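Structure file structure_28.pdb (PDB, C-alpha atoms, pLDDT in the B column) follows.
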ATOM      1  CA  MET A1473      53.115  27.169 -55.955  1.00 42.00           C
ATOM      2  CA  VAL A1474      55.779  25.026 -57.643  1.00 37.00           C
ATOM      3  CA  ALA A1475      53.085  23.315 -59.751  1.00 41.00           C
ATOM      4  CA  LEU A1476      51.712  26.677 -60.859  1.00 41.00           C
ATOM      5  CA  ALA A1477      55.185  27.920 -61.822  1.00 39.00           C
ATOM      6  CA  ALA A1478      55.745  24.756 -63.874  1.00 38.00           C
ATOM      7  CA  VAL A1479      52.451  25.326 -65.699  1.00 43.00           C
ATOM      8  CA  ILE A1480      53.396  28.928 -66.512  1.00 44.00           C
ATOM      9  CA  LEU A1481      56.853  27.952 -67.776  1.00 39.00           C
ATOM     10  CA  GLY A1482      55.308  25.169 -69.847  1.00 47.00           C
ATOM     11  CA  LEU A1483      52.841  27.581 -71.450  1.00 46.00           C
ATOM     12  CA  LEU A1484      55.613  30.002 -72.346  1.00 44.00           C
ATOM     13  CA  ALA A1485      57.567  27.184 -73.993  1.00 42.00           C
ATOM     14  CA  LEU A1486      54.465  26.018 -75.872  1.00 45.00           C
ATOM     15  CA  GLU A1487      53.752  29.491 -77.218  1.00 46.00           C
ATOM     16  CA  ARG A1488      57.351  29.729 -78.496  1.00 42.00           C
ATOM     17  CA  GLY A1489      57.234  26.200 -79.923  1.00 42.00           C
ATOM     18  CA  GLY A1490      60.036  23.649 -79.961  1.00 38.00           C
ATOM     19  CA  ASP A1491      63.340  23.807 -81.845  1.00 36.00           C
ATOM     20  CA  ASP A1492      61.542  23.715 -85.180  1.00 37.00           C
ATOM     21  CA  GLY A1493      58.883  26.150 -83.995  1.00 40.00           C
ATOM     22  CA  GLN A1494      56.199  23.445 -84.013  1.00 42.00           C
ATOM     23  CA  GLU A1495      57.263  20.704 -81.617  1.00 43.00           C
ATOM     24  CA  GLY A1496      55.707  22.327 -78.549  1.00 43.00           C
ATOM     25  CA  LEU A1497      52.432  22.943 -80.324  1.00 44.00           C
ATOM     26  CA  ALA A1498      51.781  19.350 -81.298  1.00 49.00           C
ATOM     27  CA  SER A1499      51.453  18.121 -77.705  1.00 64.00           C
ATOM     28  CA  PHE A1500      49.094  20.805 -76.461  1.00 85.00           C
ATOM     29  CA  GLY A1501      45.417  20.207 -75.807  1.00 90.00           C
ATOM     30  CA  ALA A1502      43.451  17.012 -75.461  1.00 90.00           C
ATOM     31  CA  PRO A1503      40.651  15.461 -77.484  1.00 92.00           C
ATOM     32  CA  PHE A1504      37.294  15.664 -75.773  1.00 95.00           C
ATOM     33  CA  LYS A1505      33.597  14.984 -76.069  1.00 96.00           C
ATOM     34  CA  LEU A1506      31.793  17.007 -73.401  1.00 97.00           C
ATOM     35  CA  ALA A1507      28.262  17.996 -72.462  1.00 97.00           C
ATOM     36  CA  THR A1508      27.541  21.505 -73.755  1.00 98.00           C
ATOM     37  CA  THR A1509      25.216  24.304 -72.715  1.00 97.00           C
ATOM     38  CA  LYS A1510      24.077  24.503 -76.350  1.00 95.00           C
ATOM     39  CA  GLY A1511      22.600  20.994 -76.078  1.00 94.00           C
ATOM     40  CA  GLY A1512      24.080  17.562 -76.549  1.00 96.00           C
ATOM     41  CA  GLU A1513      27.819  17.035 -76.627  1.00 97.00           C
ATOM     42  CA  LEU A1514      30.649  18.867 -78.332  1.00 97.00           C
ATOM     43  CA  GLU A1515      33.503  16.856 -79.776  1.00 96.00           C
ATOM     44  CA  SER A1516      36.841  18.616 -80.152  1.00 94.00           C
ATOM     45  CA  THR A1517      37.289  17.310 -83.690  1.00 92.00           C
ATOM     46  CA  SER A1518      34.247  19.347 -84.775  1.00 94.00           C
ATOM     47  CA  LEU A1519      36.028  22.609 -83.925  1.00 94.00           C
ATOM     48  CA  LYS A1520      38.408  22.505 -86.880  1.00 91.00           C
ATOM     49  CA  GLY A1521      37.683  24.969 -89.642  1.00 93.00           C
ATOM     50  CA  LYS A1522      37.204  28.054 -87.463  1.00 94.00           C
ATOM     51  CA  PRO A1523      39.341  29.697 -84.774  1.00 95.00           C
ATOM     52  CA  TYR A1524      38.330  29.168 -81.170  1.00 96.00           C
ATOM     53  CA  GLY A1525      39.395  29.800 -77.602  1.00 96.00           C
ATOM     54  CA  VAL A1526      39.367  27.638 -74.488  1.00 97.00           C
ATOM     55  CA  PHE A1527      39.146  28.971 -70.939  1.00 98.00           C
ATOM     56  CA  PHE A1528      38.997  26.844 -67.798  1.00 98.00           C
ATOM     57  CA  GLY A1529      37.085  28.361 -64.873  1.00 98.00           C
ATOM     58  CA  PHE A1530      34.063  27.999 -62.617  1.00 98.00           C
ATOM     59  CA  THR A1531      30.817  29.833 -61.999  1.00 98.00           C
ATOM     60  CA  HIS A1532      31.466  30.658 -58.332  1.00 96.00           C
ATOM     61  CA  CYS A1533      34.702  32.453 -59.253  1.00 95.00           C
ATOM     62  CA  PRO A1534      34.652  35.873 -57.594  1.00 93.00           C
ATOM     63  CA  GLU A1535      36.788  37.825 -60.064  1.00 93.00           C
ATOM     64  CA  VAL A1536      38.994  36.117 -62.662  1.00 95.00           C
ATOM     65  CA  CYS A1537      36.337  34.189 -64.580  1.00 97.00           C
ATOM     66  CA  PRO A1538      33.662  36.872 -64.856  1.00 97.00           C
ATOM     67  CA  THR A1539      36.303  39.484 -65.704  1.00 95.00           C
ATOM     68  CA  THR A1540      37.815  37.307 -68.429  1.00 95.00           C
ATOM     69  CA  LEU A1541      34.413  36.465 -69.925  1.00 97.00           C
ATOM     70  CA  PHE A1542      33.296  40.109 -69.774  1.00 96.00           C
ATOM     71  CA  GLU A1543      36.513  41.303 -71.460  1.00 94.00           C
ATOM     72  CA  MET A1544      36.269  38.618 -74.135  1.00 95.00           C
ATOM     73  CA  SER A1545      32.614  39.499 -74.751  1.00 95.00           C
ATOM     74  CA  ALA A1546      33.648  43.126 -75.271  1.00 94.00           C
ATOM     75  CA  ALA A1547      36.536  42.129 -77.555  1.00 93.00           C
ATOM     76  CA  MET A1548      34.307  39.885 -79.664  1.00 93.00           C
ATOM     77  CA  LYS A1549      31.785  42.693 -80.026  1.00 93.00           C
ATOM     78  CA  GLU A1550      34.546  45.176 -80.921  1.00 91.00           C
ATOM     79  CA  LEU A1551      35.876  42.832 -83.619  1.00 90.00           C
ATOM     80  CA  GLY A1552      32.436  42.683 -85.225  1.00 90.00           C
ATOM     81  CA  ASP A1553      32.035  40.529 -88.335  1.00 90.00           C
ATOM     82  CA  SER A1554      35.663  39.383 -88.291  1.00 89.00           C
ATOM     83  CA  ALA A1555      34.853  37.430 -85.090  1.00 90.00           C
ATOM     84  CA  LYS A1556      31.459  36.098 -86.178  1.00 90.00           C
ATOM     85  CA  ASP A1557      32.773  32.526 -86.472  1.00 90.00           C
ATOM     86  CA  PHE A1558      34.928  32.650 -83.340  1.00 94.00           C
ATOM     87  CA  ARG A1559      33.837  30.398 -80.483  1.00 94.00           C
ATOM     88  CA  LEU A1560      34.940  30.621 -76.893  1.00 97.00           C
ATOM     89  CA  LEU A1561      34.624  27.487 -74.808  1.00 98.00           C
ATOM     90  CA  PHE A1562      34.281  27.855 -71.052  1.00 98.00           C
ATOM     91  CA  ILE A1563      35.183  24.518 -69.427  1.00 98.00           C
ATOM     92  CA  THR A1564      34.341  24.242 -65.756  1.00 98.00           C
ATOM     93  CA  VAL A1565      36.938  22.967 -63.298  1.00 98.00           C
ATOM     94  CA  ASP A1566      34.139  22.525 -60.736  1.00 98.00           C
ATOM     95  CA  PRO A1567      31.741  19.952 -62.203  1.00 97.00           C
ATOM     96  CA  GLU A1568      30.509  19.052 -58.720  1.00 96.00           C
ATOM     97  CA  ARG A1569      28.660  22.401 -58.477  1.00 97.00           C
ATOM     98  CA  ASP A1570      28.631  23.553 -62.100  1.00 98.00           C
ATOM     99  CA  THR A1571      25.851  21.571 -63.711  1.00 97.00           C
ATOM    100  CA  LEU A1572      24.789  22.340 -67.279  1.00 97.00           C
ATOM    101  CA  PRO A1573      21.817  24.499 -66.188  1.00 98.00           C
ATOM    102  CA  ILE A1574      24.001  26.493 -63.768  1.00 98.00           C
ATOM    103  CA  VAL A1575      26.713  27.082 -66.389  1.00 98.00           C
ATOM    104  CA  LYS A1576      24.110  27.995 -69.014  1.00 98.00           C
ATOM    105  CA  ASP A1577      22.496  30.516 -66.669  1.00 98.00           C
ATOM    106  CA  TYR A1578      25.908  31.974 -65.760  1.00 98.00           C
ATOM    107  CA  LEU A1579      26.967  32.366 -69.395  1.00 98.00           C
ATOM    108  CA  ALA A1580      23.708  34.148 -70.291  1.00 97.00           C
ATOM    109  CA  ASN A1581      25.445  37.248 -68.896  1.00 96.00           C
ATOM    110  CA  PHE A1582      28.075  37.197 -71.656  1.00 97.00           C
ATOM    111  CA  ASP A1583      28.419  37.004 -75.452  1.00 95.00           C
ATOM    112  CA  PRO A1584      26.258  34.193 -76.917  1.00 94.00           C
ATOM    113  CA  ARG A1585      29.295  32.746 -78.732  1.00 93.00           C
ATOM    114  CA  ILE A1586      30.634  31.639 -75.349  1.00 97.00           C
ATOM    115  CA  GLU A1587      29.685  28.007 -74.902  1.00 98.00           C
ATOM    116  CA  GLY A1588      29.878  26.135 -71.604  1.00 98.00           C
ATOM    117  CA  LEU A1589      31.293  22.635 -71.386  1.00 98.00           C
ATOM    118  CA  VAL A1590      30.839  20.453 -68.323  1.00 98.00           C
ATOM    119  CA  PRO A1591      33.145  17.454 -67.961  1.00 98.00           C
ATOM    120  CA  THR A1592      32.594  14.701 -65.453  1.00 97.00           C
ATOM    121  CA  LEU A1593      35.166  14.474 -62.667  1.00 95.00           C
ATOM    122  CA  GLU A1594      36.689  11.533 -64.563  1.00 96.00           C
ATOM    123  CA  GLN A1595      36.962  13.578 -67.778  1.00 97.00           C
ATOM    124  CA  LEU A1596      38.381  16.671 -66.092  1.00 97.00           C
ATOM    125  CA  GLN A1597      41.727  15.294 -64.933  1.00 96.00           C
ATOM    126  CA  PRO A1598      43.066  14.094 -68.326  1.00 95.00           C
ATOM    127  CA  LEU A1599      41.562  17.143 -70.034  1.00 96.00           C
ATOM    128  CA  ALA A1600      43.331  19.535 -67.653  1.00 96.00           C
ATOM    129  CA  LYS A1601      46.566  17.589 -68.049  1.00 95.00           C
ATOM    130  CA  GLY A1602      46.376  17.820 -71.847  1.00 95.00           C
ATOM    131  CA  PHE A1603      45.848  21.582 -71.667  1.00 95.00           C
ATOM    132  CA  HIS A1604      48.488  22.000 -68.931  1.00 94.00           C
ATOM    133  CA  VAL A1605      45.845  23.496 -66.660  1.00 96.00           C
ATOM    134  CA  TYR A1606      46.187  23.600 -62.888  1.00 96.00           C
ATOM    135  CA  TYR A1607      43.095  23.363 -60.683  1.00 97.00           C
ATOM    136  CA  LYS A1608      42.634  22.564 -57.011  1.00 97.00           C
ATOM    137  CA  LYS A1609      39.729  22.739 -54.585  1.00 96.00           C
ATOM    138  CA  GLN A1610      40.468  25.111 -51.689  1.00 96.00           C
ATOM    139  CA  PRO A1611      38.315  25.004 -48.532  1.00 96.00           C
ATOM    140  CA  THR A1612      36.968  28.334 -47.257  1.00 94.00           C
ATOM    141  CA  SER A1613      36.337  29.418 -43.668  1.00 96.00           C
ATOM    142  CA  ASP A1614      32.560  29.117 -44.105  1.00 95.00           C
ATOM    143  CA  GLY A1615      32.770  25.377 -44.817  1.00 93.00           C
ATOM    144  CA  SER A1616      32.397  25.772 -48.580  1.00 95.00           C
ATOM    145  CA  TYR A1617      35.221  25.883 -51.115  1.00 97.00           C
ATOM    146  CA  THR A1618      36.659  27.823 -53.993  1.00 96.00           C
ATOM    147  CA  MET A1619      38.836  26.664 -56.875  1.00 97.00           C
ATOM    148  CA  ASP A1620      42.373  27.700 -57.666  1.00 96.00           C
ATOM    149  CA  HIS A1621      42.900  27.412 -61.407  1.00 96.00           C
ATOM    150  CA  THR A1622      44.990  28.508 -64.350  1.00 95.00           C
ATOM    151  CA  ALA A1623      43.707  31.871 -65.550  1.00 93.00           C
ATOM    152  CA  THR A1624      44.838  31.714 -69.165  1.00 95.00           C
ATOM    153  CA  LEU A1625      42.776  31.753 -72.318  1.00 97.00           C
ATOM    154  CA  PHE A1626      44.121  29.411 -75.004  1.00 97.00           C
ATOM    155  CA  LEU A1627      43.616  30.361 -78.647  1.00 96.00           C
ATOM    156  CA  PHE A1628      43.525  27.842 -81.482  1.00 95.00           C
ATOM    157  CA  ASP A1629      43.677  28.591 -85.192  1.00 94.00           C
ATOM    158  CA  ALA A1630      41.226  27.295 -87.772  1.00 93.00           C
ATOM    159  CA  SER A1631      43.278  24.128 -88.273  1.00 91.00           C
ATOM    160  CA  GLY A1632      42.871  23.304 -84.582  1.00 91.00           C
ATOM    161  CA  LYS A1633      46.476  24.048 -83.645  1.00 92.00           C
ATOM    162  CA  PHE A1634      47.381  25.950 -80.510  1.00 94.00           C
ATOM    163  CA  ALA A1635      48.296  29.485 -81.595  1.00 94.00           C
ATOM    164  CA  LYS A1636      48.732  31.731 -78.543  1.00 95.00           C
ATOM    165  CA  THR A1637      47.451  32.679 -75.125  1.00 95.00           C
ATOM    166  CA  ILE A1638      45.719  35.653 -73.588  1.00 95.00           C
ATOM    167  CA  SER A1639      46.590  36.234 -69.960  1.00 92.00           C
ATOM    168  CA  LEU A1640      44.592  38.076 -67.350  1.00 85.00           C
ATOM    169  CA  ASP A1641      47.075  40.939 -67.109  1.00 87.00           C
ATOM    170  CA  GLU A1642      47.149  41.812 -70.825  1.00 91.00           C
ATOM    171  CA  ASP A1643      45.635  45.111 -71.832  1.00 92.00           C
ATOM    172  CA  ARG A1644      42.736  45.521 -74.242  1.00 91.00           C
ATOM    173  CA  ALA A1645      44.909  46.473 -77.231  1.00 93.00           C
ATOM    174  CA  THR A1646      47.145  43.417 -76.846  1.00 94.00           C
ATOM    175  CA  ARG A1647      44.152  41.105 -76.407  1.00 93.00           C
ATOM    176  CA  GLU A1648      42.407  42.473 -79.477  1.00 91.00           C
ATOM    177  CA  ALA A1649      45.610  42.360 -81.569  1.00 93.00           C
ATOM    178  CA  LYS A1650      45.999  38.668 -80.735  1.00 95.00           C
ATOM    179  CA  LEU A1651      42.386  37.990 -81.655  1.00 94.00           C
ATOM    180  CA  LYS A1652      42.668  39.934 -84.943  1.00 92.00           C
ATOM    181  CA  SER A1653      45.810  37.986 -85.818  1.00 93.00           C
ATOM    182  CA  LEU A1654      44.032  34.712 -85.057  1.00 93.00           C
ATOM    183  CA  MET A1655      41.117  35.679 -87.298  1.00 88.00           C
ATOM    184  CA  GLY A1656      43.487  36.572 -90.119  1.00 81.00           C
ATOM    185  CA  GLY A1657      43.000  40.314 -89.996  1.00 58.00           C
TER     186      GLY A1657
END
Can you turn what I pasted into structure tokens?
Amino acid sequence: MVALAAVILGLLALERGGDDGQEGLASFGAPFKLATTKGGELESTSLKGKPYGVFFGFTHCPEVCPTTLFEMSAAMKELGDSAKDFRLLFITVDPERDTLPIVKDYLANFDPRIEGLVPTLEQLQPLAKGFHVYYKKQPTSDGSYTMDHTATLFLFDASGKFAKTISLDEDRATREAKLKSLMGG
């Protein structure tokens, strides 16, 4: 619980920025080159030029992940042409179960601009650290497991800089206002 509180406080500080309004933003995120559901690998440097979002989750998530992806699909549709270049990256925190075919099949239920990324276990730890994301495997009574994880969507502007977050508890109007602002409208 202490680790989760530290993550939340860190995200709030990042969104506000440092003393000059930019210091906190510079250290957020992590470079990556990950296997993608669209084929091949996606390198983070290729994302510059268009706004994008990053959400960490897993396909066996009972509520948070499908709700977030459904709400973002609806928001992207509502924004129409202004969101045509927006990409949402869904990065699994459960690469042991979430193979590329499983993630691809899962994401077929949502907007086609949502792209799945599957890190290896070795790639996940530094990636999560760079994005200040918490994740932990939790055993279940049936001998399986679930994943605790940060349930925040991170938004980046067209220059690749962290811009703001969307949290699970934000209403539709707030979410769409943040997305419109990110898209310059």
Let me have the centre and edge lengths of the axis-aligned box enclosing all listed atoms of stretch 1534-1543 of chain A with 5 Å padding on every side, in Å to one decimal, as lines of an AutoDock Vina configuration file.
center_x = 36.1
center_y = 37.7
center_z = -64.5
size_x = 15.7
size_y = 17.1
size_z = 23.9
I'd like to see the residues matched by the PyMOL selection byres ((chain A and resi 1555) around 12) on this file, and ideally I'd get them as a PyMOL selection string. chain A and resi 1522-1525+1544-1554+1556-1560+1583+1585+1648+1651-1657
Any idea what's packed within 12 Å of A:Ile1638, counting only C-alpha atoms, ignoring anything in its chain fewer than 2 positions away? Could you give it as a ChimeraX atom specification? /A:1483-1484,1487,1525-1527,1540-1541,1543-1544,1547,1622-1628,1635-1636,1640-1651,1654
Using only C-alpha atoms, find each residue of stretch 1518-1602 of chain A with at least one atom at most 12 Å away from an atom of stretch 1501-1508 of chain A; report its shortest atom-to-atom pair and that distance in Å (one decimal), sort the rows by chain and rising residue number, and return the result as CSV.
residue,atom,partner,partner_atom,distance
A:Ser1518,CA,A:Lys1505,CA,9.8
A:Leu1519,CA,A:Pro1503,CA,10.7
A:Lys1520,CA,A:Pro1503,CA,12.0
A:Gly1525,CA,A:Gly1501,CA,11.5
A:Val1526,CA,A:Gly1501,CA,9.7
A:Phe1527,CA,A:Gly1501,CA,11.8
A:Leu1561,CA,A:Thr1508,CA,9.3
A:Phe1562,CA,A:Thr1508,CA,9.6
A:Ile1563,CA,A:Leu1506,CA,9.1
A:Thr1564,CA,A:Leu1506,CA,10.8
A:Pro1567,CA,A:Ala1507,CA,11.0
A:Asp1570,CA,A:Ala1507,CA,11.8
A:Thr1571,CA,A:Ala1507,CA,9.8
A:Leu1572,CA,A:Thr1508,CA,7.1
A:Pro1573,CA,A:Thr1508,CA,9.9
A:Ile1574,CA,A:Thr1508,CA,11.7
A:Val1575,CA,A:Thr1508,CA,9.3
A:Lys1576,CA,A:Thr1508,CA,8.7
A:Leu1579,CA,A:Thr1508,CA,11.7
A:Ile1586,CA,A:Thr1508,CA,10.7
A:Glu1587,CA,A:Thr1508,CA,6.9
A:Gly1588,CA,A:Thr1508,CA,5.6
A:Leu1589,CA,A:Thr1508,CA,4.6
A:Val1590,CA,A:Ala1507,CA,5.5
A:Pro1591,CA,A:Leu1506,CA,5.6
A:Thr1592,CA,A:Leu1506,CA,8.3
A:Leu1593,CA,A:Leu1506,CA,11.5
A:Glu1594,CA,A:Leu1506,CA,11.5
A:Gln1595,CA,A:Phe1504,CA,8.3
A:Leu1596,CA,A:Phe1504,CA,9.8
A:Gln1597,CA,A:Ala1502,CA,10.8
A:Pro1598,CA,A:Ala1502,CA,7.7
A:Leu1599,CA,A:Ala1502,CA,5.7
A:Ala1600,CA,A:Ala1502,CA,8.2
A:Lys1601,CA,A:Ala1502,CA,8.1
A:Gly1602,CA,A:Ala1502,CA,4.7
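Put simply, atom CA of A:Pro1534 is 14.6 Å away from atom CA of A:Asn1581.
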Compile the contact shell of A:His1532 as number ranges by chain: residues with an atom at most 9 Å away, counting only C-alpha atoms, same-chain residues fewer than 5 positions apart removed. A: 1537, 1566, 1569-1570, 1618-1619
Residue with smallest distance to A:His1621 - pool A:Ser1639, A:Gly1529, A:Phe1634, A:Pro1538, counting all atoms listed in the file: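 So, comparing all the options, the nearest one is A:Gly1529.
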Taking (39.2, 31.7, -58.7) as a centre in this file's frame and 6 Å as the limit, can you find every polymer residue with an atom that close, using all atoms listed in the file, and give them as a PyMOL selection string? chain A and resi 1533+1536+1619-1620
Counting only C-alpha atoms, the option among A:Val1565, A:Thr1539, A:Phe1530, A:Thr1517 closest to A:Val1605: A:Val1565
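Atom CA of A:Glu1513 lies 21.6 Å from atom CA of A:Phe1500.
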